[in-house]
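*Asks:* Coordinates in my_file-v3.cif, mmCIF, C-alpha atoms, are listed below.
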```
data_model
#
loop_
_atom_site.label_atom_id
_atom_site.label_comp_id
_atom_site.auth_asym_id
_atom_site.auth_seq_id
_atom_site.Cartn_x
_atom_site.Cartn_y
_atom_site.Cartn_z
CA MET A 209 0.00 0.00 0.00
CA PHE A 210 2.84 2.41 0.86
CA LYS A 211 4.43 1.78 -2.54
CA LYS A 212 1.16 2.52 -4.37
CA ILE A 213 0.57 5.76 -2.43
CA SER A 214 4.18 6.90 -2.90
CA LEU A 215 4.06 6.35 -6.66
CA ALA A 216 0.72 8.15 -6.92
CA LEU A 217 2.04 11.14 -4.95
CA LEU A 218 5.19 11.30 -7.09
CA TYR A 219 3.09 11.34 -10.26
CA ALA A 220 0.81 14.06 -8.84
CA VAL A 221 3.76 16.28 -7.89
CA MET A 222 5.34 15.93 -11.34
CA ALA A 223 2.01 16.68 -13.03
CA TYR A 224 1.66 19.86 -10.94
CA LEU A 225 5.17 21.01 -11.88
CA ILE A 226 4.40 20.52 -15.57
CA TYR A 227 1.13 22.42 -15.11
CA ARG A 228 2.94 25.23 -13.30
CA TYR A 229 5.88 25.59 -15.69
CA GLY A 230 4.49 24.07 -18.90
CA GLU A 231 4.46 27.29 -20.92
CA GLU A 232 8.08 28.03 -19.98
CA ILE A 233 9.12 24.53 -21.08
CA VAL A 234 7.37 24.89 -24.44
CA ALA A 235 9.01 28.29 -24.96
CA TRP A 236 12.37 26.71 -24.15
CA PHE A 237 11.79 24.13 -26.90
CA GLN A 238 11.74 26.96 -29.42
CA SER A 239 15.10 28.34 -28.38
CA SER A 240 17.05 25.22 -27.38
CA SER A 241 19.65 23.54 -29.56
CA ASP A 242 20.48 20.64 -27.21
CA MET A 243 18.62 17.65 -28.67
CA VAL A 244 19.29 15.37 -25.71
CA LEU A 245 17.72 17.80 -23.27
CA VAL A 246 14.85 18.41 -25.68
CA ILE A 247 14.16 14.65 -25.86
CA VAL A 248 14.20 14.45 -22.06
CA ALA A 249 11.83 17.41 -21.82
CA ALA A 250 9.57 15.93 -24.52
CA THR A 251 9.47 12.67 -22.56
CA VAL A 252 8.41 14.50 -19.40
CA MET A 253 5.75 16.46 -21.30
CA ALA A 254 4.35 13.25 -22.78
CA LEU A 255 4.44 11.47 -19.44
CA PHE A 256 2.47 14.29 -17.81
CA PRO A 257 0.24 15.57 -20.66
CA VAL A 258 -1.00 18.75 -19.02
CA ILE A 259 -0.26 20.47 -22.33
CA PRO A 260 -1.62 18.42 -25.28
CA TYR A 261 1.25 16.51 -26.84
CA PRO A 262 0.30 17.50 -30.42
CA VAL A 263 1.08 21.09 -29.38
CA VAL A 264 4.45 20.01 -28.00
CA GLY A 265 5.17 18.02 -31.16
CA GLY A 266 4.20 20.97 -33.35
CA VAL A 267 6.52 23.31 -31.47
CA ILE A 268 9.40 20.83 -31.75
CA GLY A 269 8.67 20.38 -35.46
CA ALA A 270 8.72 24.14 -35.98
CA ALA A 271 11.99 24.46 -34.07
CA PHE A 272 13.93 21.50 -35.54
CA GLY A 273 12.24 20.83 -38.88
CA PRO A 274 9.79 18.07 -39.82
CA VAL A 275 12.15 15.07 -39.93
CA LEU A 276 14.36 15.77 -36.92
CA GLY A 277 11.38 17.22 -35.05
CA ALA A 278 9.37 14.06 -35.70
CA ALA A 279 12.27 11.90 -34.49
CA ILE A 280 12.58 13.91 -31.26
CA THR A 281 8.81 13.88 -30.70
CA TRP A 282 8.66 10.12 -31.36
CA ALA A 283 11.57 9.41 -29.00
CA GLY A 284 9.97 11.43 -26.21
CA SER A 285 6.51 9.92 -26.67
CA THR A 286 7.82 6.35 -26.89
CA ALA A 287 10.04 6.76 -23.84
CA ALA A 288 7.10 8.18 -21.87
CA SER A 289 4.88 5.24 -22.82
CA LEU A 290 7.51 2.73 -21.73
CA LEU A 291 8.02 4.53 -18.42
CA MET A 292 4.27 4.65 -17.82
CA PHE A 293 3.99 0.94 -18.58
CA LEU A 294 6.73 0.11 -16.06
CA PHE A 295 5.23 2.52 -13.51
CA VAL A 296 1.80 0.84 -13.65
CA ARG A 297 3.12 -2.72 -13.86
CA TYR A 298 5.53 -2.27 -10.97
CA GLY A 299 3.08 -0.51 -8.71
CA TYR A 300 -0.41 -1.69 -9.60
CA GLN A 301 -0.49 -4.89 -11.67
CA GLU A 302 -1.48 -7.16 -8.77
CA TRP A 303 -4.44 -4.91 -7.96
CA GLY A 304 -5.26 -4.47 -11.64
CA GLN A 305 -5.33 -8.20 -12.31
CA ARG A 306 -8.03 -8.63 -9.71
CA MET A 307 -10.07 -5.87 -11.32
CA LEU A 308 -9.66 -7.12 -14.88
CA TYR A 309 -10.78 -10.64 -14.07
CA ARG A 310 -13.44 -9.80 -11.51
CA TYR A 311 -16.07 -9.41 -14.22
CA GLU A 312 -16.59 -12.17 -16.76
CA ARG A 313 -16.93 -9.98 -19.86
CA LEU A 314 -13.91 -7.86 -19.02
CA GLY A 315 -11.92 -10.99 -18.25
CA LYS A 316 -12.78 -12.52 -21.64
CA LEU A 317 -11.91 -9.26 -23.39
CA THR A 318 -8.56 -9.15 -21.61
CA VAL A 319 -7.76 -12.73 -22.63
CA LEU A 320 -8.49 -11.87 -26.28
CA PHE A 321 -6.38 -8.75 -25.97
CA GLU A 322 -3.46 -10.73 -24.56
CA ARG A 323 -3.66 -13.28 -27.38
CA ASN A 324 -3.48 -10.57 -30.05
CA ALA A 325 -1.60 -7.95 -28.05
CA PHE A 326 0.97 -6.88 -30.63
CA LEU A 327 -1.44 -6.08 -33.47
CA THR A 328 -4.08 -4.64 -31.13
CA ILE A 329 -1.59 -2.22 -29.56
CA LEU A 330 -0.14 -1.36 -32.97
CA PHE A 331 -3.54 -0.48 -34.44
CA ALA A 332 -4.57 1.39 -31.28
CA ARG A 333 -1.44 3.55 -31.52
CA LEU A 334 -2.21 4.33 -35.16
CA ILE A 335 -5.61 5.75 -34.16
CA PRO A 336 -4.79 9.10 -32.50
CA PHE A 337 -8.10 9.67 -30.71
CA ILE A 338 -7.60 6.62 -28.46
CA PRO A 339 -6.01 8.10 -25.29
CA SER A 340 -2.44 6.89 -24.88
CA ILE A 341 -2.80 6.57 -21.12
CA ILE A 342 -5.57 3.96 -21.55
CA ILE A 343 -3.37 1.85 -23.85
CA ASN A 344 -0.43 2.19 -21.46
CA ALA A 345 -2.37 1.29 -18.31
CA TYR A 346 -4.46 -1.53 -19.78
CA SER A 347 -1.40 -3.16 -21.34
CA ALA A 348 0.56 -2.90 -18.09
CA LEU A 349 -2.24 -4.35 -15.98
CA SER A 350 -2.65 -7.29 -18.36
CA ARG A 351 -0.13 -10.08 -18.99
CA VAL A 352 1.24 -8.53 -22.19
CA SER A 353 5.02 -8.84 -22.36
CA PHE A 354 7.09 -5.67 -22.15
CA ALA A 355 8.88 -6.53 -25.41
CA ALA A 356 5.65 -6.90 -27.42
CA TYR A 357 4.25 -3.70 -25.94
CA ALA A 358 7.44 -1.73 -26.55
CA VAL A 359 7.85 -2.72 -30.21
CA ALA A 360 4.15 -2.30 -31.08
CA SER A 361 4.01 1.08 -29.36
CA ALA A 362 7.19 2.36 -30.99
CA LEU A 363 6.03 1.39 -34.49
CA GLY A 364 2.47 2.58 -33.99
CA LYS A 365 3.51 6.04 -32.81
CA ILE A 366 5.53 6.92 -35.92
CA PRO A 367 2.70 8.27 -38.16
CA ALA A 368 1.15 10.52 -35.49
CA MET A 369 4.51 11.95 -34.44
CA LEU A 370 5.33 12.69 -38.08
CA LEU A 371 1.99 14.46 -38.41
CA PHE A 372 2.55 16.66 -35.33
CA ALA A 373 6.02 17.70 -36.47
CA PHE A 374 5.02 18.29 -40.09
CA VAL A 375 2.02 20.41 -39.11
CA GLY A 376 4.15 22.48 -36.72
CA ASN A 377 6.82 23.04 -39.36
CA THR A 378 4.27 23.74 -42.12
CA LEU A 379 2.50 26.36 -40.03
CA MET A 380 5.80 28.23 -39.81
CA THR A 381 6.83 27.84 -43.47
CA GLU A 382 3.81 27.12 -45.70
CA PRO A 383 0.56 27.61 -43.75
CA GLY A 384 -1.57 26.82 -46.80
CA ALA A 385 -0.14 23.30 -47.03
CA VAL A 386 -1.48 22.29 -43.61
CA TRP A 387 -4.75 21.08 -45.10
CA LEU A 388 -2.88 18.88 -47.57
CA THR A 389 -0.91 17.31 -44.73
CA MET A 390 -4.09 16.73 -42.73
CA GLY A 391 -5.82 15.27 -45.78
CA ILE A 392 -3.03 12.79 -46.40
CA TYR A 393 -3.08 11.73 -42.77
CA GLY A 394 -6.87 11.46 -42.84
CA GLY A 395 -6.60 9.08 -45.79
CA PHE A 396 -3.99 7.06 -43.93
CA LEU A 397 -6.22 6.93 -40.87
CA ALA A 398 -9.20 5.73 -42.94
CA VAL A 399 -7.11 2.90 -44.41
CA THR A 400 -5.87 2.00 -40.92
CA LEU A 401 -9.41 1.82 -39.52
CA LEU A 402 -10.54 -0.33 -42.46
CA ALA A 403 -7.59 -2.67 -41.99
CA TYR A 404 -8.28 -2.92 -38.27
CA ARG A 405 -11.94 -3.78 -38.86
CA GLN A 406 -11.01 -6.43 -41.38
CA TRP A 407 -8.47 -7.90 -38.99
CA LYS A 408 -10.99 -7.98 -36.13
CA ARG A 409 -13.56 -9.60 -38.39
CA SER A 410 -11.05 -12.28 -39.39
CA LYS A 411 -10.51 -13.09 -35.70
CA GLU A 412 -14.19 -13.63 -34.97
CA PRO A 413 -15.23 -17.30 -34.78
CA VAL A 414 -17.29 -18.50 -37.71
CA PRO A 415 -20.62 -19.96 -36.46
CA SER A 416 -21.13 -23.55 -37.44
CA ASP A 417 -24.29 -24.53 -39.31
CA ARG A 418 -26.77 -26.47 -37.25
CA GLN A 419 -28.65 -29.31 -38.78
CA ALA A 420 -32.37 -29.53 -38.10
#
```
Give the structure from this file in C-alpha cells form.
*Replies:*
Amino acid sequence: MFKKISLALLYAVMAYLIYRYGEEIVAWFQSSSDMVLVIVAATVMALFPVIPYPVVGGVIGAAFGPVLGAAITWAGSTAASLLMFLFVRYGYQEWGQRMLYRYERLGKLTVLFERNAFLTILFARLIPFIPSIIINAYSALSRVSFAAYAVASALGKIPAMLLFAFVGNTLMTEPGAVWLTMGIYGGFLAVTLLAYRQWKRSKEPVPSDRQA
C-alpha cells in the first residue's frame, strides 16, 4: 500500500510542476539547440500531458524541422509510454489483475487482448483519438510482455509523431499546405481503420451450421 501511495504522490507532484511551468518549457523548446535535453523534456511532457502533446510536437517540429522534429517527438513519446507501462506494472499490476478478471466480460476481453496484443496495440497507436494513457495502463495491468508492448508502441507512434512535427513546421513555413498534410493523414487513418476492422472480423469465430 505504501508503494502505491508513494508512486501516486510522485506522479501528482510531477504533473503539478508541468502544469505550473508548462508554458516556460514549451518556450524553451523553441530556443534550445540541445537535442538530448529536448528529448528528455519531450518525454516528461508526454508522461504528464497537461499540455496536449500534439502542441508540444508541433513546437518541436517548428523548431527543428519536420524530420528531426518528428524523431525527437517520437523518441519522447515512446520513452514516456515505456516509463508509464513500467510505472503501472511495478506498482499496480497485482491490484489491476483482480479488477480485470473480476467481471466475466472484461476478463474474456482481456484474454483476447493478450492473445493478439501486438497487433491490437499497434492499431490502437495508429488511431490518434484513443487516449495513450488507456493503452499504457491496460497493457501494463494485463499479462502482455514488455517486449511486445514496446515494439508495437514504438512502431504505432511513428505516423502521429510525423503528423505533429510536419504540421508544426508547415505552419511556420507554408501555412496553406497544412490542409494537404491533414488530408493525407486522414486518408492514412481511414485505411488503418478499415484494416483494423477487417483484422478484427477475421478473428471472430465462424458460427457452425446447425442441422435440423
*Asks:* With all atoms listed in the file as the basis for distance, which of A:Ala278, A:Leu371, A:Val352, A:Leu245 is at the shortest distance from A:Phe293?
*Replies:* A:Val352
*Asks:* Could you name the residues that touch A:Leu320 at 12 Å or less, counting all atoms listed in the file, but leaving out those on the same chain fewer than 4 positions away, as JSON, numbers by chain?
*Replies:* {"A": [313, 314, 315, 316, 324, 325, 326, 327, 328, 350, 351, 352, 408, 411, 412]}
*Asks:* Run the PyMOL selection byres ((chain A and resi 334) around 9) mentally over the shown coordinates, then write out the matched residues as a short mmCIF file (atom, residue, chain, number, x, y, z; two decimals) with C-alpha atoms, in the coordinates of the input, using the chain letters and numbers from the document.
*Replies:*
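For reference, expr_22.cif as written:
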```
data_model
loop_
_atom_site.label_atom_id
_atom_site.label_comp_id
_atom_site.auth_asym_id
_atom_site.auth_seq_id
_atom_site.Cartn_x
_atom_site.Cartn_y
_atom_site.Cartn_z
CA ILE A 329 -1.59 -2.22 -29.56
CA LEU A 330 -0.14 -1.36 -32.97
CA PHE A 331 -3.54 -0.48 -34.44
CA ALA A 332 -4.57 1.39 -31.28
CA ARG A 333 -1.44 3.55 -31.52
CA ILE A 335 -5.61 5.75 -34.16
CA PRO A 336 -4.79 9.10 -32.50
CA ILE A 338 -7.60 6.62 -28.46
CA LEU A 363 6.03 1.39 -34.49
CA GLY A 364 2.47 2.58 -33.99
CA LYS A 365 3.51 6.04 -32.81
CA ILE A 366 5.53 6.92 -35.92
CA PRO A 367 2.70 8.27 -38.16
CA ALA A 368 1.15 10.52 -35.49
CA LEU A 397 -6.22 6.93 -40.87
CA THR A 400 -5.87 2.00 -40.92
CA LEU A 401 -9.41 1.82 -39.52
#
```
*Asks:* Point out the residue among A:Met292, A:Leu370, A:Val264, A:Val319 with the least atom-to-atom distance to A:Leu276, counting all atoms listed in the file.
*Replies:* A:Leu370
*Asks:* I'd like to know which of A:Ser340, A:Thr251, A:Thr378, A:Ser347 is closest to A:Ala288, using only C-alpha atoms.
*Replies:*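 Of the candidates, the smallest distance to A:Ala288 is held by A:Thr251.
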*Asks:* Could you tell me, as a PyMOL selection string, exactly which residues end up selected when the PyMOL selection byres ((chain A and resi 281) around 12) is applied to this structure?
*Replies:* chain A and resi 237+243-244+246-254+261-280+282-288+362+365-374+376
*Asks:* Please dump the current selection as an mmCIF file, in the coordinates of the input; keep C-alpha atoms.
*Replies:*
```
data_model
loop_
_atom_site.group_PDB
_atom_site.id
_atom_site.type_symbol
_atom_site.label_atom_id
_atom_site.label_comp_id
_atom_site.auth_asym_id
_atom_site.auth_seq_id
_atom_site.Cartn_x
_atom_site.Cartn_y
_atom_site.Cartn_z
ATOM 1 C CA PHE A 237 11.790 24.130 -26.900
ATOM 2 C CA MET A 243 18.620 17.650 -28.670
ATOM 3 C CA VAL A 244 19.290 15.370 -25.710
ATOM 4 C CA VAL A 246 14.850 18.410 -25.680
ATOM 5 C CA ILE A 247 14.160 14.650 -25.860
ATOM 6 C CA VAL A 248 14.200 14.450 -22.060
ATOM 7 C CA ALA A 249 11.830 17.410 -21.820
ATOM 8 C CA ALA A 250 9.570 15.930 -24.520
ATOM 9 C CA THR A 251 9.470 12.670 -22.560
ATOM 10 C CA VAL A 252 8.410 14.500 -19.400
ATOM 11 C CA MET A 253 5.750 16.460 -21.300
ATOM 12 C CA ALA A 254 4.350 13.250 -22.780
ATOM 13 C CA TYR A 261 1.250 16.510 -26.840
ATOM 14 C CA PRO A 262 0.300 17.500 -30.420
ATOM 15 C CA VAL A 263 1.080 21.090 -29.380
ATOM 16 C CA VAL A 264 4.450 20.010 -28.000
ATOM 17 C CA GLY A 265 5.170 18.020 -31.160
ATOM 18 C CA GLY A 266 4.200 20.970 -33.350
ATOM 19 C CA VAL A 267 6.520 23.310 -31.470
ATOM 20 C CA ILE A 268 9.400 20.830 -31.750
ATOM 21 C CA GLY A 269 8.670 20.380 -35.460
ATOM 22 C CA ALA A 270 8.720 24.140 -35.980
ATOM 23 C CA ALA A 271 11.990 24.460 -34.070
ATOM 24 C CA PHE A 272 13.930 21.500 -35.540
ATOM 25 C CA GLY A 273 12.240 20.830 -38.880
ATOM 26 C CA PRO A 274 9.790 18.070 -39.820
ATOM 27 C CA VAL A 275 12.150 15.070 -39.930
ATOM 28 C CA LEU A 276 14.360 15.770 -36.920
ATOM 29 C CA GLY A 277 11.380 17.220 -35.050
ATOM 30 C CA ALA A 278 9.370 14.060 -35.700
ATOM 31 C CA ALA A 279 12.270 11.900 -34.490
ATOM 32 C CA ILE A 280 12.580 13.910 -31.260
ATOM 33 C CA TRP A 282 8.660 10.120 -31.360
ATOM 34 C CA ALA A 283 11.570 9.410 -29.000
ATOM 35 C CA GLY A 284 9.970 11.430 -26.210
ATOM 36 C CA SER A 285 6.510 9.920 -26.670
ATOM 37 C CA THR A 286 7.820 6.350 -26.890
ATOM 38 C CA ALA A 287 10.040 6.760 -23.840
ATOM 39 C CA ALA A 288 7.100 8.180 -21.870
ATOM 40 C CA ALA A 362 7.190 2.360 -30.990
ATOM 41 C CA LYS A 365 3.510 6.040 -32.810
ATOM 42 C CA ILE A 366 5.530 6.920 -35.920
ATOM 43 C CA PRO A 367 2.700 8.270 -38.160
ATOM 44 C CA ALA A 368 1.150 10.520 -35.490
ATOM 45 C CA MET A 369 4.510 11.950 -34.440
ATOM 46 C CA LEU A 370 5.330 12.690 -38.080
ATOM 47 C CA LEU A 371 1.990 14.460 -38.410
ATOM 48 C CA PHE A 372 2.550 16.660 -35.330
ATOM 49 C CA ALA A 373 6.020 17.700 -36.470
ATOM 50 C CA PHE A 374 5.020 18.290 -40.090
ATOM 51 C CA GLY A 376 4.150 22.480 -36.720
#
```
*Asks:* Suppose you want the space between atom CA of A:Phe321 and atom CA of A:Ala356; what is it in Å?
*Replies:*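 Computed distance, atom CA of A:Phe321 to atom CA of A:Ala356, equals 12.3 Å.
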*Asks:* Report the distance between atom CA of A:Leu349 and atom CA of A:Pro260 in Å, rounded to one decimal place.
*Replies:*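 Value for the atom CA of A:Leu349-atom CA of A:Pro260 distance: 24.6 Å.
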*Asks:* Just to confirm, what's the straight-line distance from atom CA of A:Tyr298 to atom CA of A:Ala355 in Å (one decimal)?
*Replies:*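 Going from atom CA of A:Tyr298 over to atom CA of A:Ala355 covers 15.4 Å.
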*Asks:* Stretch 270-276 of chain A, all listed atoms, 6 Å padding on each side: what axis-aligned box centre and edge lengths in Å to one decimal come out, as JSON?
*Replies:*
```
{"center_x": 11.5, "center_y": 19.8, "center_z": -37.0, "size_x": 17.6, "size_y": 21.4, "size_z": 17.9}
```
